[in-house]
Structure formats: C-alpha cells, structure tokens
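Undergrad: As input, take start20.cif (mmCIF, C-alpha atoms and all ligand atoms):
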```
data_protein
#
loop_
_atom_site.label_atom_id
_atom_site.label_comp_id
_atom_site.auth_asym_id
_atom_site.auth_seq_id
_atom_site.Cartn_x
_atom_site.Cartn_y
_atom_site.Cartn_z
CA MET A 23 -97.29 125.24 -61.86
CA THR A 24 -95.04 125.01 -58.81
CA SER A 25 -91.81 126.78 -58.10
CA ALA A 26 -88.60 124.87 -57.52
CA PRO A 27 -88.15 123.66 -53.95
CA SER A 28 -85.88 125.67 -51.76
CA ILE A 29 -84.85 122.86 -49.46
CA GLN A 30 -81.20 121.94 -49.25
CA PRO A 31 -80.72 118.45 -47.83
CA ARG A 32 -77.63 118.50 -45.66
CA PHE A 33 -76.65 114.95 -46.46
CA LEU A 34 -76.61 115.17 -50.24
CA VAL A 35 -74.01 116.36 -52.66
CA ASN A 36 -76.76 117.66 -54.90
CA ARG A 37 -80.40 117.72 -53.87
CA HIS A 38 -81.49 117.92 -57.52
CA ASP A 39 -80.22 114.42 -58.27
CA LEU A 40 -82.81 111.70 -57.77
CA GLY A 41 -82.21 108.00 -58.41
CA VAL A 42 -85.40 106.05 -59.07
CA VAL A 43 -85.84 102.30 -58.59
CA ALA A 44 -89.10 100.74 -59.81
CA VAL A 45 -89.76 97.47 -58.03
CA GLY A 46 -92.61 95.45 -59.53
CA PHE A 47 -92.62 92.85 -56.79
CA SER A 48 -95.57 91.25 -54.97
CA GLY A 49 -93.91 88.16 -53.44
CA GLY A 50 -94.02 89.41 -49.85
CA GLN A 51 -97.81 88.96 -49.72
CA PRO A 52 -100.48 86.90 -51.50
CA LYS A 53 -102.41 89.41 -53.67
CA ALA A 54 -101.43 89.99 -57.31
CA GLY A 55 -101.40 93.51 -58.68
CA VAL A 56 -99.11 95.44 -56.32
CA ASP A 57 -96.35 94.73 -58.85
CA ALA A 58 -98.23 96.95 -61.34
CA ALA A 59 -98.00 100.03 -59.09
CA PRO A 60 -94.72 101.50 -60.40
CA MET A 61 -96.07 101.54 -63.96
CA ALA A 62 -99.40 103.04 -62.81
CA LEU A 63 -97.57 105.80 -60.90
CA ILE A 64 -95.27 106.52 -63.83
CA GLU A 65 -98.15 106.47 -66.33
CA ALA A 66 -99.93 108.99 -64.09
CA GLY A 67 -97.02 111.33 -64.85
CA LEU A 68 -95.00 111.07 -61.64
CA ILE A 69 -91.51 111.17 -63.18
CA GLN A 70 -92.51 113.98 -65.49
CA GLN A 71 -93.85 115.99 -62.54
CA LEU A 72 -90.61 115.53 -60.65
CA GLU A 73 -88.56 116.63 -63.65
CA GLU A 74 -90.71 119.53 -64.79
CA ASP A 75 -92.37 120.88 -61.66
CA LEU A 76 -89.65 120.14 -59.11
CA GLU A 77 -86.74 120.48 -61.57
CA LEU A 78 -85.05 117.28 -60.42
CA ASN A 79 -82.47 115.40 -62.50
CA VAL A 80 -84.07 111.98 -62.51
CA ASP A 81 -81.81 108.95 -62.98
CA TYR A 82 -84.20 106.12 -63.90
CA ASP A 83 -83.25 103.08 -65.96
CA GLY A 84 -86.71 103.06 -67.56
CA GLN A 85 -87.52 99.59 -66.29
CA VAL A 86 -89.98 98.19 -63.81
CA HIS A 87 -87.94 95.31 -62.41
CA ALA A 88 -89.84 92.04 -61.99
CA TYR A 89 -86.81 89.99 -60.86
CA SER A 90 -88.27 86.88 -62.56
CA GLU A 91 -84.72 85.62 -63.13
CA LEU A 92 -84.42 85.31 -59.34
CA ILE A 93 -87.38 82.94 -58.90
CA PRO A 94 -85.94 79.82 -57.25
CA ALA A 95 -86.72 76.35 -58.59
CA ASP A 96 -88.28 75.47 -55.27
CA ASP A 97 -89.08 77.74 -52.36
CA PRO A 98 -90.74 75.89 -49.49
CA PRO A 99 -91.68 77.82 -46.33
CA PHE A 100 -88.81 78.35 -43.89
CA ARG A 101 -89.77 78.96 -40.29
CA ASN A 102 -93.27 79.92 -41.39
CA MET A 103 -92.08 82.45 -44.01
CA LYS A 104 -93.71 82.21 -47.45
CA GLN A 105 -91.41 82.40 -50.53
CA PRO A 106 -88.38 83.02 -48.30
CA LYS A 107 -85.67 82.46 -50.91
CA PHE A 108 -87.38 84.61 -53.55
CA VAL A 109 -88.01 87.55 -51.20
CA SER A 110 -84.46 87.30 -49.89
CA ALA A 111 -82.97 87.30 -53.40
CA VAL A 112 -85.12 90.22 -54.60
CA THR A 113 -84.48 92.39 -51.54
CA LYS A 114 -80.74 91.73 -51.88
CA GLU A 115 -80.89 92.98 -55.47
CA VAL A 116 -83.00 96.02 -54.48
CA SER A 117 -80.46 96.79 -51.77
CA GLU A 118 -77.69 96.90 -54.39
CA GLN A 119 -79.79 99.09 -56.71
CA VAL A 120 -80.57 101.61 -53.97
CA TYR A 121 -77.00 101.56 -52.68
CA SER A 122 -75.60 102.30 -56.14
CA HIS A 123 -77.63 105.56 -56.29
CA ALA A 124 -77.07 106.52 -52.65
CA LYS A 125 -73.30 106.06 -52.72
CA LYS A 126 -73.12 108.65 -55.52
CA GLY A 127 -74.86 111.18 -53.28
CA LYS A 128 -78.23 110.98 -54.96
CA MET A 129 -81.56 111.05 -53.19
CA VAL A 130 -83.24 107.67 -53.85
CA MET A 131 -86.91 107.01 -54.50
CA THR A 132 -88.18 103.43 -54.66
CA LEU A 133 -91.63 102.66 -56.04
CA GLY A 134 -93.02 99.31 -54.82
CA GLY A 135 -94.17 96.71 -54.73
CA ASP A 136 -95.18 95.35 -51.39
CA HIS A 137 -93.51 96.50 -48.16
CA SER A 138 -91.11 93.53 -47.99
CA ILE A 139 -88.95 95.50 -50.43
CA ALA A 140 -88.01 97.89 -47.60
CA ILE A 141 -85.58 95.20 -46.44
CA GLY A 142 -83.74 96.09 -49.64
CA THR A 143 -84.21 99.85 -49.71
CA ILE A 144 -83.34 100.65 -46.10
CA SER A 145 -80.37 98.26 -46.02
CA GLY A 146 -79.08 99.95 -49.17
CA THR A 147 -79.26 103.48 -47.78
CA ALA A 148 -78.03 102.43 -44.32
CA ARG A 149 -74.89 100.99 -45.93
CA ALA A 150 -74.28 104.07 -48.12
CA ILE A 151 -74.77 106.49 -45.22
CA ARG A 152 -72.35 104.53 -43.04
CA GLU A 153 -69.75 104.60 -45.80
CA ARG A 154 -70.20 108.24 -46.78
CA PHE A 155 -70.76 109.89 -43.41
CA GLY A 156 -69.89 107.23 -40.82
CA ARG A 157 -73.39 107.64 -39.43
CA GLU A 158 -76.51 105.75 -38.63
CA LEU A 159 -79.76 106.20 -40.47
CA ALA A 160 -83.14 107.11 -38.99
CA VAL A 161 -86.32 105.64 -40.47
CA ILE A 162 -89.82 107.14 -40.40
CA TRP A 163 -92.23 104.29 -41.11
CA VAL A 164 -95.69 105.61 -42.04
CA ASP A 165 -98.14 102.71 -42.02
CA ALA A 166 -101.38 101.30 -40.58
CA HIS A 167 -99.26 98.30 -39.53
CA ALA A 168 -95.94 97.99 -37.72
CA ASP A 169 -94.54 95.32 -40.09
CA ILE A 170 -92.33 94.15 -37.21
CA ASN A 171 -93.47 90.54 -36.82
CA THR A 172 -90.74 87.97 -36.56
CA PRO A 173 -91.34 84.75 -38.49
CA GLU A 174 -92.32 83.25 -35.11
CA THR A 175 -94.91 85.90 -34.18
CA SER A 176 -96.45 86.15 -37.67
CA ASP A 177 -99.76 84.37 -38.21
CA SER A 178 -99.74 84.74 -41.99
CA GLY A 179 -96.10 84.03 -42.85
CA ASN A 180 -96.22 86.93 -45.34
CA ILE A 181 -92.84 88.67 -45.29
CA HIS A 182 -94.34 92.14 -45.95
CA GLY A 183 -95.36 92.00 -42.28
CA MET A 184 -91.76 91.38 -41.15
CA PRO A 185 -89.35 93.84 -42.83
CA VAL A 186 -88.69 95.93 -39.71
CA ALA A 187 -87.88 92.81 -37.68
CA PHE A 188 -85.18 91.84 -40.17
CA LEU A 189 -83.79 95.38 -40.56
CA THR A 190 -83.43 95.87 -36.80
CA GLY A 191 -82.01 92.40 -36.18
CA LEU A 192 -85.00 91.33 -34.06
CA ALA A 193 -85.63 88.47 -36.48
CA THR A 194 -82.61 86.24 -36.25
CA GLU A 195 -84.07 83.27 -38.07
CA LYS A 196 -81.79 83.41 -41.07
CA ARG A 197 -80.21 80.91 -43.41
CA GLU A 198 -77.51 81.59 -46.01
CA ASP A 199 -80.16 81.85 -48.77
CA VAL A 200 -82.80 83.46 -46.52
CA PHE A 201 -81.55 86.93 -45.55
CA GLY A 202 -78.06 85.61 -44.85
CA TRP A 203 -76.86 88.57 -46.97
CA LEU A 204 -78.11 91.10 -44.35
CA LYS A 205 -75.00 92.22 -42.45
CA GLU A 206 -74.32 94.66 -39.63
CA HIS A 207 -73.72 97.58 -42.02
CA HIS A 208 -77.20 97.13 -43.51
CA MET A 209 -79.02 97.39 -40.20
CA LEU A 210 -81.04 99.95 -38.30
CA SER A 211 -81.13 100.64 -34.53
CA VAL A 212 -84.54 100.30 -32.90
CA ASN A 213 -84.04 103.71 -31.28
CA LYS A 214 -83.67 105.34 -34.73
CA LEU A 215 -87.07 104.09 -35.84
CA VAL A 216 -90.27 106.14 -35.59
CA TYR A 217 -93.74 104.95 -36.60
CA ILE A 218 -96.62 107.21 -37.62
CA GLY A 219 -100.23 106.21 -38.33
CA LEU A 220 -100.37 102.79 -36.64
CA ARG A 221 -103.80 101.28 -35.97
CA ASP A 222 -103.70 97.53 -36.68
CA ILE A 223 -100.98 95.91 -34.58
CA ASP A 224 -100.69 92.20 -33.87
CA LYS A 225 -100.38 91.02 -30.27
CA GLY A 226 -96.80 89.84 -30.75
CA GLU A 227 -95.91 93.18 -32.34
CA LYS A 228 -97.33 95.16 -29.41
CA LYS A 229 -95.04 93.19 -27.14
CA ILE A 230 -92.02 93.86 -29.37
CA LEU A 231 -92.77 97.62 -29.53
CA LYS A 232 -93.09 97.81 -25.73
CA GLU A 233 -90.09 95.64 -24.88
CA HIS A 234 -87.77 97.65 -27.10
CA GLY A 235 -89.23 101.07 -26.30
CA ILE A 236 -89.82 101.79 -29.99
CA LYS A 237 -91.16 105.26 -30.72
CA ALA A 238 -94.61 104.96 -32.24
CA PHE A 239 -97.34 107.52 -32.92
CA SER A 240 -100.63 105.72 -33.48
CA MET A 241 -103.83 107.24 -34.83
CA HIS A 242 -104.75 107.77 -31.16
CA ASP A 243 -101.77 110.11 -30.76
CA ILE A 244 -102.74 111.95 -33.95
CA ASP A 245 -106.31 112.34 -32.63
CA ARG A 246 -105.03 113.62 -29.29
CA HIS A 247 -102.28 116.00 -30.41
CA GLY A 248 -102.97 116.71 -34.06
CA ILE A 249 -100.58 115.84 -36.86
CA GLY A 250 -98.54 119.05 -36.40
CA LYS A 251 -97.53 118.23 -32.83
CA VAL A 252 -96.97 114.57 -33.71
CA MET A 253 -94.51 115.57 -36.46
CA ASP A 254 -92.69 117.90 -34.04
CA MET A 255 -92.34 115.02 -31.58
CA ALA A 256 -91.34 112.49 -34.25
CA LEU A 257 -88.66 114.73 -35.75
CA GLY A 258 -87.54 115.81 -32.28
CA TRP A 259 -86.94 112.18 -31.39
CA ILE A 260 -84.73 111.73 -34.47
CA GLY A 261 -82.84 114.99 -33.99
CA SER A 262 -81.77 117.51 -36.58
CA ASP A 263 -78.49 115.93 -37.66
CA THR A 264 -79.54 112.41 -38.65
CA PRO A 265 -80.22 111.37 -42.26
CA ILE A 266 -83.80 110.18 -42.72
CA HIS A 267 -85.25 107.38 -44.84
CA LEU A 268 -89.05 107.75 -45.21
CA SER A 269 -90.88 104.48 -45.87
CA PHE A 270 -94.47 105.33 -46.73
CA ASP A 271 -97.07 102.58 -46.98
CA VAL A 272 -100.12 103.96 -48.77
CA ASP A 273 -102.35 101.98 -46.38
CA ALA A 274 -101.47 104.58 -43.71
CA LEU A 275 -104.05 106.73 -45.48
CA ASP A 276 -107.69 106.08 -44.75
CA PRO A 277 -109.32 103.81 -47.37
CA MET A 278 -111.51 106.78 -48.23
CA TRP A 279 -108.42 108.26 -49.90
CA ALA A 280 -106.44 105.16 -50.77
CA PRO A 281 -108.76 102.16 -51.15
CA SER A 282 -106.57 100.20 -53.60
CA THR A 283 -104.19 98.51 -51.23
CA GLY A 284 -103.78 94.95 -49.97
CA THR A 285 -104.63 95.40 -46.29
CA PRO A 286 -106.79 98.55 -45.90
CA VAL A 287 -107.72 99.59 -42.35
CA ARG A 288 -110.36 102.20 -41.64
CA GLY A 289 -109.72 105.15 -39.34
CA GLY A 290 -106.54 106.30 -41.04
CA LEU A 291 -104.79 109.48 -42.12
CA THR A 292 -106.50 112.01 -44.33
CA LEU A 293 -104.91 112.86 -47.65
CA ARG A 294 -103.70 116.18 -46.18
CA GLU A 295 -102.22 114.51 -43.10
CA GLY A 296 -100.28 112.18 -45.40
CA ASP A 297 -99.00 115.07 -47.49
CA PHE A 298 -98.21 117.04 -44.32
CA ILE A 299 -96.01 114.24 -42.97
CA ALA A 300 -94.09 114.23 -46.25
CA GLU A 301 -93.83 118.06 -46.28
CA CYS A 302 -92.45 118.11 -42.73
CA VAL A 303 -89.85 115.47 -43.52
CA ALA A 304 -88.83 117.37 -46.67
CA ALA A 305 -88.50 120.60 -44.67
CA THR A 306 -85.90 119.03 -42.35
CA GLY A 307 -83.43 118.88 -45.23
CA SER A 308 -82.36 115.49 -43.87
CA LEU A 309 -84.33 113.23 -46.20
CA ILE A 310 -82.06 110.97 -48.21
CA ALA A 311 -84.44 108.24 -49.41
CA LEU A 312 -88.12 107.54 -49.87
CA ASP A 313 -90.22 104.42 -50.49
CA LEU A 314 -93.82 104.41 -51.67
CA VAL A 315 -95.33 100.94 -51.32
CA GLU A 316 -98.51 98.83 -51.34
CA VAL A 317 -100.43 100.71 -54.04
CA ASN A 318 -102.39 97.92 -55.76
CA PRO A 319 -104.24 99.31 -58.78
CA SER A 320 -106.08 96.02 -59.43
CA LEU A 321 -107.94 95.81 -56.11
CA ASP A 322 -110.52 98.57 -56.37
CA GLU A 323 -111.63 99.45 -59.85
CA HIS A 324 -112.98 102.86 -58.92
CA GLY A 325 -110.46 103.67 -56.25
CA ALA A 326 -107.33 102.82 -58.21
CA SER A 327 -106.85 106.25 -59.77
CA ASP A 328 -107.49 108.00 -56.43
CA THR A 329 -104.90 105.77 -54.76
CA VAL A 330 -102.34 106.40 -57.49
CA ARG A 331 -103.00 110.14 -57.29
CA ALA A 332 -102.58 110.10 -53.51
CA GLY A 333 -99.28 108.25 -53.94
CA CYS A 334 -97.99 110.78 -56.48
CA SER A 335 -98.94 113.62 -54.15
CA ILE A 336 -97.07 112.15 -51.18
CA VAL A 337 -93.97 111.64 -53.29
CA ARG A 338 -94.05 115.21 -54.61
CA CYS A 339 -94.43 116.61 -51.09
CA ALA A 340 -91.54 114.50 -49.79
CA LEU A 341 -89.33 115.72 -52.62
CA GLY A 342 -89.94 119.39 -51.92
CA ASP A 343 -93.27 120.43 -53.41
CA THR A 344 -95.06 123.04 -51.29
CA LEU A 345 -98.53 124.57 -51.41
CA LEU A 346 -97.20 128.11 -51.67
MN MN A 401 -96.45 98.27 -44.51
#
```
Take the structure I supplied and represent it as structure tokens, if you would.

TA:
Amino acid sequence: MTSAPSIQPRFLVNRHDLGVVAVGFSGGQPKAGVDAAPMALIEAGLIQQLEEDLELNVDYDGQVHAYSELIPADDPPFRNMKQPKFVSAVTKEVSEQVYSHAKKGKMVMTLGGDHSIAIGTISGTARAIRERFGRELAVIWVDAHADINTPETSDSGNIHGMPVAFLTGLATEKREDVFGWLKEHHMLSVNKLVYIGLRDIDKGEKKILKEHGIKAFSMHDIDRHGIGKVMDMALGWIGSDTPIHLSFDVDALDPMWAPSTGTPVRGGLTLREGDFIAECVAATGSLIALDLVEVNPSLDEHGASDTVRAGCSIVRCALGDTLL
C-alpha cells in the first residue's frame, strides 16, 4: 500500500524501533470513555498498519494500562485540582514507561487517555534526551486549548487543562504526593514550546502565554498565513538540531472531522491540515516521541469511527507515511 518511509531521525539509534504505551486513563477530566481510545485505535488496525505499511518494529506490551492499582483510598481536591493524587501517581508511572523505551533509543508513541498524561510522556522523553544527548527537548503541542492553566487560574480544576503548567514549572503548587516526583530533569523550557491550532484560551492562560513570550500559532495565524507557512515558522523557531516531542490532541481538528472528543471547539484544523502538521514534523527527522490524546469513542455514536480514523491517520503521518 505505502512504501517504507525514507526519513532518518537524527536522534535515534534506529528509526524502525517504536515503543508503544497504551494509557487507558480518564482521570484528568470528568467524562468517561477517553480511557477506551487506545483499544479503539488498536482495533482499527493502527499497530498492524505501523508494522506492515511502515515496516516498524513495534515494541508493545499488549496491554491498555488502566492503573487501577494506583487509585488512592482518598483523593480530596488539593488547591482546586480534582483527583490530584491519582493523576500524579499515573503520570509518574507513564513517565517511567516512556522513559524505559526512550532510553533504549526507540521512538515512543503514547495513546491516551486524556491530555493530563502528557505530564508523564514529556517528562519521560525529556529525561531520556538529557541523559542520552545532554540536550533539551522541544515540544509541539497541537490543540484547540493551551492546557497551561495553573491550579490557581483553572476554573474547572481538571488536570487535563494544566499539564503544560506543570511541565514548564509554571505551576509550583506541589506536594510530595501531588507531582512532587517532577524534578528538574523532567522539565521543559517555555522557549522550547510551540503551540499550533489554538482557539479556546482561558483569560488566565492568555496572560501566561503573553508574560512568558510563548510561541503560539492560533487558528487566526493559520487563516492568515496558511498551514505551510505556519509549519515553517514553528519548525524555524525550534531549529533543526533539537529533538521534538509532538503532543497531538485530537480536538485540534475541527469537530467536523473529529467530533468524539471531550471538549470540541468549532473552527478547527481540517483533516489534511492535521496530517500535514504530522508530515512536516516527520520530515524534520527530529521527532523522538508522539502522543495522541482525547479521542473519546463513547461521546458521539456516529462520529466515533471518523475520530478514530483521523487519529490513526495523524499517527501514520507522524511516523513517516507519505502520500507519494
Ligand atoms: Mn489538550
């Protein structure tokens, strides 16, 4: 069907080796069902496509992790955060899972789950990249939302709206059992972060983005310049010698293409723009990890299969699939 990709990531020992972590976790937000996404993506044939069409050696333990053994006996809100101990414990475990693949020089793909799990995935790759190359990681965060609320600026208290604040150290409201495990070597610099697709930003988040000069391409920028120019600018900001972690929230796509997600916002990316972002990141050869999050197959009966298909397509493009 497709030929093998010809991209050679500079930061991998072997670009054909892909570690997969399936995170069936919904505790960073209130809606059930996002935990079923990894199985829906896998049942749609995703792993098989990566092995057969893209000729990747997939290292997957065959399990969708639910982390039920990590549910604390009691988990009252802490500084407005909901389920703080549970989300902290799960993301710590995800961080270890991702790190264990990344330290062996494998590309890592994590299937979520809600976007709180990026606290785990990005901290895991950041640590491995520091150890292996003595370098910092860049993150491309594709999303309708900035997910950079601190517990203090968040109205909802849902941690899936806060992962970037914890990863960049902007949220300092920790406790030993609430993200106390996040250390310097897990963190990301605000100037290595680039957003694409933003269109629903809270007031407190706008202030944070401005104050820290965080690079962000909203839907307005995509309308003005087109996605091609936006990708040139985004990748230009990161530079050609920095390893990239792509964290792709399916709600970046317009609900026309991806309706089955917890917080859909109209006026989003087309399916092709989403694939194009992933293709451009793949073509840099600097991609070292990828998250696909917030697919919720239970939310829209008719749209679930479209959303799953869109997710599979983005993953394939990020891992080297090309149209020709
Ligand atoms: Mn998100």

Undergrad: Can I get the residues close to ligand MN 401 (chain A) as a PyMOL selection string, where close means within 6 Å and we count only C-alpha atoms and all ligand atoms?

TA: chain A and resi 137+165+167+169+271

Undergrad: Using only C-alpha atoms, tabulate the residues of segment 107-203 of chain A lying at most 7 Å from any atom of segment 300-323 of chain A, each with its closest atom pair and that distance in Å to one decimal, by chain and increasing residue number, as a Markdown table.

TA:
```
| residue | atom | partner | partner_atom | distance |
| --- | --- | --- | --- | --- |
| A:Met129 | CA | A:Ile310 | CA | 5.0 |
| A:Val130 | CA | A:Ala311 | CA | 4.6 |
| A:Met131 | CA | A:Leu312 | CA | 4.8 |
| A:Thr132 | CA | A:Asp313 | CA | 4.7 |
| A:Leu133 | CA | A:Leu314 | CA | 5.2 |
| A:Gly134 | CA | A:Val315 | CA | 4.5 |
| A:Gly135 | CA | A:Val315 | CA | 5.6 |
| A:Asp136 | CA | A:Glu316 | CA | 4.8 |
| A:His137 | CA | A:Val315 | CA | 5.7 |
```

Undergrad: Go ahead and save the residues from that selection, with C-alpha atoms, as a PDB file, keeping the file's coordinate frame.

TA:
```pdb
ATOM      1  CA  MET A 129     -81.560 111.050 -53.190  1.00  0.00           C
ATOM      2  CA  VAL A 130     -83.240 107.670 -53.850  1.00  0.00           C
ATOM      3  CA  MET A 131     -86.910 107.010 -54.500  1.00  0.00           C
ATOM      4  CA  THR A 132     -88.180 103.430 -54.660  1.00  0.00           C
ATOM      5  CA  LEU A 133     -91.630 102.660 -56.040  1.00  0.00           C
ATOM      6  CA  GLY A 134     -93.020  99.310 -54.820  1.00  0.00           C
ATOM      7  CA  GLY A 135     -94.170  96.710 -54.730  1.00  0.00           C
ATOM      8  CA  ASP A 136     -95.180  95.350 -51.390  1.00  0.00           C
ATOM      9  CA  HIS A 137     -93.510  96.500 -48.160  1.00  0.00           C
TER      10      HIS A 137
END
```

Undergrad: Would you pick out the contacts of Leu92 of chain A at 10 Å or less, using all atoms listed in the file, so that residues sharing its chain but fewer than 6 positions from it are not included, and give the list as a list in words?

TA: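 Skipping anything fewer than 6 positions along the chain leaves Lys107, Phe108, Val109, Ser110, Ala111, Val112 and Glu115 of chain A.
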
Undergrad: Nearest residue to Thr190 of chain A out of A:Asp177, A:Pro106, A:Val86, A:Met209, using all atoms listed in the file?

TA: A:Met209

Undergrad: Name the closest residue to Val161 of chain A among the candidates A:Phe298, A:Tyr217, A:Tyr89, A:Tyr82; distances are taken between atoms, counting only C-alpha atoms.

TA: A:Tyr217

Undergrad: Can you list, as a list of chain:residue names, every protein, DNA or RNA residue that comes within 7 Å of segment 139-155 of chain A when you count all atoms listed in the file, leaving out same-chain residues fewer than 5 positions away?

TA: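 Residues meeting the cut-off are A:Thr113, A:Lys114, A:Val116, A:Ser117, A:Glu118, A:Val120, A:Tyr121, A:Ala124, A:Lys125, A:Pro185, A:Leu189, A:His207, A:His208, A:Met209.
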
Undergrad: Write out N, CA and C atoms for segment 313-339 of chain A, as a CSV table (one decimal), keeping the file's coordinate frame.

TA:
```csv
chain,number,residue,atom,x,y,z
A,313,ASP,N,-89.5,105.5,-49.9
A,313,ASP,CA,-90.2,104.4,-50.5
A,313,ASP,C,-91.7,104.7,-50.5
A,314,LEU,N,-92.4,104.4,-51.6
A,314,LEU,CA,-93.8,104.4,-51.7
A,314,LEU,C,-94.3,103.0,-52.0
A,315,VAL,N,-95.0,102.4,-51.1
A,315,VAL,CA,-95.3,100.9,-51.3
A,315,VAL,C,-96.8,100.6,-51.1
A,316,GLU,N,-97.2,99.4,-51.6
A,316,GLU,CA,-98.5,98.8,-51.3
A,316,GLU,C,-99.7,99.5,-52.1
A,317,VAL,N,-99.4,100.3,-53.1
A,317,VAL,CA,-100.4,100.7,-54.0
A,317,VAL,C,-100.7,99.5,-54.9
A,318,ASN,N,-102.0,99.1,-54.9
A,318,ASN,CA,-102.4,97.9,-55.8
A,318,ASN,C,-103.5,98.3,-56.7
A,319,PRO,N,-103.2,98.7,-57.9
A,319,PRO,CA,-104.2,99.3,-58.8
A,319,PRO,C,-105.3,98.3,-59.2
A,320,SER,N,-105.1,97.0,-59.0
A,320,SER,CA,-106.1,96.0,-59.4
A,320,SER,C,-107.2,95.7,-58.4
A,321,LEU,N,-107.0,96.2,-57.2
A,321,LEU,CA,-107.9,95.8,-56.1
A,321,LEU,C,-109.3,96.6,-56.1
A,322,ASP,N,-109.3,97.8,-56.5
A,322,ASP,CA,-110.5,98.6,-56.4
A,322,ASP,C,-110.6,99.4,-57.6
A,323,GLU,N,-111.5,98.9,-58.5
A,323,GLU,CA,-111.6,99.4,-59.8
A,323,GLU,C,-111.8,101.0,-59.8
A,324,HIS,N,-112.7,101.4,-58.9
A,324,HIS,CA,-113.0,102.9,-58.9
A,324,HIS,C,-112.0,103.6,-58.1
A,325,GLY,N,-111.4,103.0,-57.1
A,325,GLY,CA,-110.5,103.7,-56.2
A,325,GLY,C,-109.0,103.7,-56.7
A,326,ALA,N,-108.7,102.9,-57.8
A,326,ALA,CA,-107.3,102.8,-58.2
A,326,ALA,C,-106.7,104.2,-58.6
A,327,SER,N,-107.5,105.0,-59.3
A,327,SER,CA,-106.8,106.2,-59.8
A,327,SER,C,-106.7,107.2,-58.6
A,328,ASP,N,-107.6,107.2,-57.6
A,328,ASP,CA,-107.5,108.0,-56.4
A,328,ASP,C,-106.2,107.6,-55.6
A,329,THR,N,-106.0,106.3,-55.5
A,329,THR,CA,-104.9,105.8,-54.8
A,329,THR,C,-103.6,106.2,-55.4
A,330,VAL,N,-103.5,106.0,-56.7
A,330,VAL,CA,-102.3,106.4,-57.5
A,330,VAL,C,-102.1,107.9,-57.3
A,331,ARG,N,-103.2,108.7,-57.4
A,331,ARG,CA,-103.0,110.1,-57.3
A,331,ARG,C,-102.5,110.5,-55.9
A,332,ALA,N,-103.0,109.8,-54.9
A,332,ALA,CA,-102.6,110.1,-53.5
A,332,ALA,C,-101.1,109.8,-53.4
A,333,GLY,N,-100.7,108.6,-54.0
A,333,GLY,CA,-99.3,108.2,-53.9
A,333,GLY,C,-98.4,109.3,-54.6
A,334,CYS,N,-98.8,109.8,-55.8
A,334,CYS,CA,-98.0,110.8,-56.5
A,334,CYS,C,-97.9,112.0,-55.6
A,335,SER,N,-98.9,112.4,-55.0
A,335,SER,CA,-98.9,113.6,-54.2
A,335,SER,C,-98.0,113.5,-53.0
A,336,ILE,N,-98.0,112.4,-52.3
A,336,ILE,CA,-97.1,112.2,-51.2
A,336,ILE,C,-95.6,112.2,-51.6
A,337,VAL,N,-95.3,111.6,-52.8
A,337,VAL,CA,-94.0,111.6,-53.3
A,337,VAL,C,-93.5,113.1,-53.6
A,338,ARG,N,-94.4,113.8,-54.3
A,338,ARG,CA,-94.0,115.2,-54.6
A,338,ARG,C,-93.8,116.0,-53.4
A,339,CYS,N,-94.6,115.9,-52.3
A,339,CYS,CA,-94.4,116.6,-51.1
A,339,CYS,C,-93.1,116.2,-50.4
```
